[in-house]
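Asker: Before we start, here is the structure in question, set down as structure tokens.
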Amino acid sequence: MRTMPHPARRPAGRLLLLLSLLLAALLLGACTGARRTGGGQTGAATPEARLPRADPGYVQWLERQSMLGAAPLLAAQVSGTERIWSNSSLSKNRSLLLSASPNWLEADPYTLGCSGNALAALADPALPPLLAQLGIGGLYVAPTGERGDIWQEAPRIGTADNVTALHFDRTVGSDEDLERLRERLEASGIQLGGELPPAATGLGPDFILQARRAPRFDGLYAMISVPRELWNVLPGVPGEWDCLALRPEAVNALRSRGLLPPTLLRDALNWAEPGGWAATGEVRGTDGQIRRWVYRFADNPQRPVLLWQDPSGQARRILSAAIIRHTGLQGQALAGLRLEALLGLDVPPTGTDRSSGASLADRLAPGYGALAASAREVHRYGGWAVQADALPPSLLAPVLDMGLDFSRDSLTAPAAEFALLSGNAAPLASQLRRAREAGLDQSRLARGLHGWQGVDWRLLRDLPDGEHLLGEARRLSGLDDTESLLWTTPASLAARALGLDAEAACRPENAAALRQAALALLSCRAGLPGPLFVSLQELSGALDVPRSVSRDLLPSRGLVPLPGARPVSGSLPAATLAFGPLDEQLAAQDSFLMAAARLLLARKAAGLARGRLVSVQQPADGCLALCSALPEGGYWLTVINFSRQEHACALQLPVAGSLLDIFSGQSLPGERRLSLTLAPHASRHLVLDAHAAPAP
């Protein structure tokens, strides 16, 4: 028999139920609003805005979404277990990865024209065998972390670097999708790789929690609370997270009060990614106090910079957790590090010597040490680390000496792109000669990583007469004096070199010339030692998205289909494919894809990725000849004509012997001198018989 409640208790019970429902509604409203707008105030007040302090339930929910909140669980997978001793942090077995995966396909999940999520599409059973058939031994999928767009009302269209969580973005896929992809790749002998969260993240839960003074989140970003009496120098914004960059007058006012440093080491780096200081709106904290913050950002105010040197070690914990997840638990062989925003993020030394007498490591603190520490941790879990930012060529050797396995190639890029546009190969030849004389190990340069997105002409400043070359590159690219980034695809760059617009680039009568120019650009990377990265954009001849489609969209961000699929409607428009979808190119022996496949298969068989550059020649104006010693004996010779004229090239060979032409399959007699005639934008790859030459 049921016991009825006492009559006196009924009103209290109803009141308790009513209060519970009201609290649940408040929590749901706060969480939903936070997910949509970053938890900030818009024109109408949110439920949280009416509370005397940041809602505890909402804060706890944010912590579960944050990167720092996920760190303890991931660290627990290693702490106190045998995994910490599985591999040495000082491992240097790069040749193992170069032998297994000398050629990589780079896939951006946000530019894949596929139904469903990207990881599931890449796990199609037919794709891994096809990659192996094309000579591709690695798949580099990046970026994959959840984007900060969901926390903003009007996110800035960019390259999806605004990562705000360690888990995958919902459009990318799930952990189960990745595991299925990894298993199918392993069955075809293909390694998997990707990137860790960059040092300049998105404006998401971790940033919001620090600004709300949530426990455990202090010291995560380079943020400073501004006293109320100085709020008048900050830009006025309508909401908490409508962050804006500070004007120079505001920066100077805060510097005069000692809140901001007078200068940073980074300010003297003419190649560094632009950035500055930005301000939040009025943020209500967990303690009920309202504050405004200024913080360091990179590229735009929606990308705040982590504070690596903070004594709390919060930023280090996030990156450590990301490495555990990426390398230790997911088994991804290659880990990309994007820590450029930390280079020089420190104040110059005081005294008479200033920064001129400081070592390179000190001038680039704390980023220099962050790269070294992160690489060691990647090694500890059995992976390889690649520095994935565009650093000037003069920094390649010092960065590699720190213990990184590879660094993004800024030596031949953008000098090769400049050679294609101008027909002048002298700067590229000079750059390669200087590097060879300095003893730079070319096999440790990741050729073409992120190259499909565009060209960073700032790197030309590292060359002799670099400012003049930068100005010439801007003129050839149609950029003004304030722009240095040419966002374009390889096919559109080749079309620009030929003087073709997008419509002319797709005409049948121009197809052969466009393929040849694009192949010359690829040949410069493929004909050198080191891991080679190609993209779906490059292999299919994706052209720039027209400005008439969207002036806010980067030109190289069109959708590209996987083999056997067609682009589907999505947030991005489909790119025009000058060379055609990959499955169609497989049926044409004269297609760009088949020429690239012959090159990839040959460099894998010869072991060129582990080779050593031994000579750089300029046999004619606009031409370049590269000779690399192969690890098993013999040599690889690459000859490229970047100009619009036919040239006869006389080359000096290291030894006499028979030569095999990679593209035609013909054998040529090779004396110590070789004469070749190259058509405009033509490239040749020749392998000198290993039995006819001494081992290097």
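How things are named: the first chain in the structure tokens is A, the next is B, and so on; residues count from 1 in each chain; ligands count from 1 in the order shown.
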Among segment 149-310 of chain A, which residues carry a DSSP assignment of helix (DSSP H, G or I), reported as a PyMOL selection string?
Answerer: chain A and resi 149-151+175-187+205-211+228-233+248-256+265-268
Asker: Which one of A:Pro301, A:Pro125, A:Gly530, A:Gly258 sits closest to Leu449 of chain A if you count only C-alpha atoms?
Answerer: A:Gly530
Asker: Would you mind listing what lies within 8 Å of Ile190 of chain A as a PyMOL selection string, with only C-alpha atoms counted and same-chain residues fewer than 6 positions away left out?
Answerer: chain A and resi 100-101+128+132+136-139
Asker: With N, CA and C atoms retained, could you export that selection as a PDB file, in the first residue's frame?
Answerer:
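Contents of selection.pdb, as written:
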ATOM      1  N   ALA A 100      59.828   4.225 -45.158  1.00  0.00           N
ATOM      2  CA  ALA A 100      58.459   3.721 -45.214  1.00  0.00           C
ATOM      3  C   ALA A 100      57.515   4.709 -45.893  1.00  0.00           C
ATOM      4  N   SER A 101      57.722   6.005 -45.647  1.00  0.00           N
ATOM      5  CA  SER A 101      56.779   7.016 -46.147  1.00  0.00           C
ATOM      6  C   SER A 101      57.518   8.222 -46.703  1.00  0.00           C
ATOM      7  N   PRO A 128      43.022   3.659 -49.576  1.00  0.00           N
ATOM      8  CA  PRO A 128      44.401   3.310 -49.210  1.00  0.00           C
ATOM      9  C   PRO A 128      45.154   2.508 -50.274  1.00  0.00           C
ATOM     10  N   ALA A 132      48.702   3.744 -52.217  1.00  0.00           N
ATOM     11  CA  ALA A 132      49.906   2.923 -52.341  1.00  0.00           C
ATOM     12  C   ALA A 132      50.287   2.715 -53.801  1.00  0.00           C
ATOM     13  N   ILE A 136      52.306   6.765 -52.688  1.00  0.00           N
ATOM     14  CA  ILE A 136      52.102   7.567 -51.478  1.00  0.00           C
ATOM     15  C   ILE A 136      52.118   6.652 -50.265  1.00  0.00           C
ATOM     16  N   GLY A 137      52.999   6.949 -49.302  1.00  0.00           N
ATOM     17  CA  GLY A 137      53.145   6.097 -48.119  1.00  0.00           C
ATOM     18  C   GLY A 137      52.695   6.743 -46.834  1.00  0.00           C
ATOM     19  N   GLY A 138      52.124   7.948 -46.898  1.00  0.00           N
ATOM     20  CA  GLY A 138      51.661   8.628 -45.691  1.00  0.00           C
ATOM     21  C   GLY A 138      50.464   9.502 -45.990  1.00  0.00           C
ATOM     22  N   LEU A 139      49.560   9.616 -45.023  1.00  0.00           N
ATOM     23  CA  LEU A 139      48.389  10.481 -45.134  1.00  0.00           C
ATOM     24  C   LEU A 139      48.434  11.471 -43.976  1.00  0.00           C
TER      25      LEU A 139
END
Asker: So that I can check the surroundings of Glu63 of chain A, please list as JSON, numbers by chain every protein, DNA and RNA residue that reaches within 10 Å of it, counting only C-alpha atoms and ignoring chain neighbours fewer than 3 positions away.
Answerer: {"A": [57, 58, 59, 60, 66, 67, 68, 69, 70, 205, 206, 208, 209, 214, 216, 217]}
Asker: One decimal, Å: what's the distance from atom CA of Ala187 of chain A over to atom CA of Leu97 of chain A, could you say?
Answerer: 16.6 Å
Asker: Give one line per residue of segment 498-617 of chain A that approaches segment 421-434 of chain A to at most 12 Å, naming the two atoms of the closest pair and their distance in Å to one decimal, counting only C-alpha atoms; sort by chain then ascending residue number and deliver it as JSON lines.
Answerer:
{"residue": "A:Leu498", "atom": "CA", "partner": "A:Leu421", "partner_atom": "CA", "distance": 8.2}
{"residue": "A:Gly499", "atom": "CA", "partner": "A:Leu421", "partner_atom": "CA", "distance": 9.5}
{"residue": "A:Ala517", "atom": "CA", "partner": "A:Leu421", "partner_atom": "CA", "distance": 10.1}
{"residue": "A:Ala518", "atom": "CA", "partner": "A:Leu421", "partner_atom": "CA", "distance": 11.5}
{"residue": "A:Ala520", "atom": "CA", "partner": "A:Leu421", "partner_atom": "CA", "distance": 11.6}
{"residue": "A:Leu521", "atom": "CA", "partner": "A:Leu421", "partner_atom": "CA", "distance": 10.4}
{"residue": "A:Cys524", "atom": "CA", "partner": "A:Leu428", "partner_atom": "CA", "distance": 10.0}
{"residue": "A:Arg525", "atom": "CA", "partner": "A:Leu428", "partner_atom": "CA", "distance": 11.9}
{"residue": "A:Leu528", "atom": "CA", "partner": "A:Leu432", "partner_atom": "CA", "distance": 10.4}
{"residue": "A:Leu613", "atom": "CA", "partner": "A:Leu432", "partner_atom": "CA", "distance": 9.1}
{"residue": "A:Val614", "atom": "CA", "partner": "A:Arg433", "partner_atom": "CA", "distance": 9.5}
{"residue": "A:Ser615", "atom": "CA", "partner": "A:Arg433", "partner_atom": "CA", "distance": 7.8}
{"residue": "A:Val616", "atom": "CA", "partner": "A:Arg433", "partner_atom": "CA", "distance": 6.3}
{"residue": "A:Gln617", "atom": "CA", "partner": "A:Ala429", "partner_atom": "CA", "distance": 7.4}
Asker: Could you tell me how far atom CA of Leu73 of chain A lies from atom CA of Asp175 of chain A, in Å and to one decimal?
Answerer: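 Computed distance, atom CA of Leu73 of chain A to atom CA of Asp175 of chain A, equals 15.6 Å.
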Asker: In terms of the shortest atom-to-atom distance over only C-alpha atoms, which of A:Thr164, A:Ser99, A:Thr111, A:Gln210 is closest to Pro631 of chain A?
Answerer: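 Of the candidates, the smallest distance to Pro631 of chain A is held by A:Ser99.
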Asker: Considering only strand (DSSP E) as DSSP defines it on the backbone, what residues of segment 398-533 of chain A qualify? List them as a list of chain:residue names.
Answerer: A:Phe406, A:Ser407, A:Arg408, A:Leu445, A:Ala446, A:Gly454, A:Val455, A:Asp456, A:Leu485, A:Leu486, A:Trp487, A:Leu532, A:Phe533
Asker: Taking only C-alpha atoms into account, which of A:Pro546, A:Gly135, A:Gly219, A:Pro72 comes nearest Ala596 of chain A?
Answerer: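 Using only C-alpha atoms, the shortest distance to Ala596 of chain A belongs to A:Gly135.
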Asker: Using only C-alpha atoms, which residue out of A:Ala656, A:Ala588, A:Ala126, A:Thr171 lies closest to Ser571 of chain A?
Answerer: A:Thr171
Asker: Within 9 Å of Ser492 of chain A, counting only C-alpha atoms, which residues qualify if same-chain residues fewer than 3 places away don't, as a PyMOL selection string?
Answerer: chain A and resi 488-489+495-497+500-502+505+518+541-544
Asker: Restricting the calculation to only C-alpha atoms, which member of A:Leu62, A:Ala107, A:Val78, A:Ala268 is positioned closest to Glu538 of chain A?
Answerer: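 Of all the options, A:Ala107 lies closest to Glu538 of chain A.
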Asker: Taking into account only C-alpha atoms, which residue in the set A:Ala602, A:Ala682, A:Val347, A:Met402 is nearest to Leu514 of chain A?
Answerer: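 Among the listed residues, the smallest separation from Leu514 of chain A belongs to A:Ala682.
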Asker: Quote the spacing between atom CA of Ala413 of chain A and atom CA of Ser443 of chain A in Å to one decimal place.
Answerer: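 Result for atom CA of Ala413 of chain A versus atom CA of Ser443 of chain A: 15.3 Å, one decimal.
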Asker: Got a sec: who's within 9 Å of Pro619 of chain A, counting only C-alpha atoms, leaving out chain neighbours fewer than 3 positions off, as a ChimeraX atom specification?
Answerer: /A:622-625,647-651
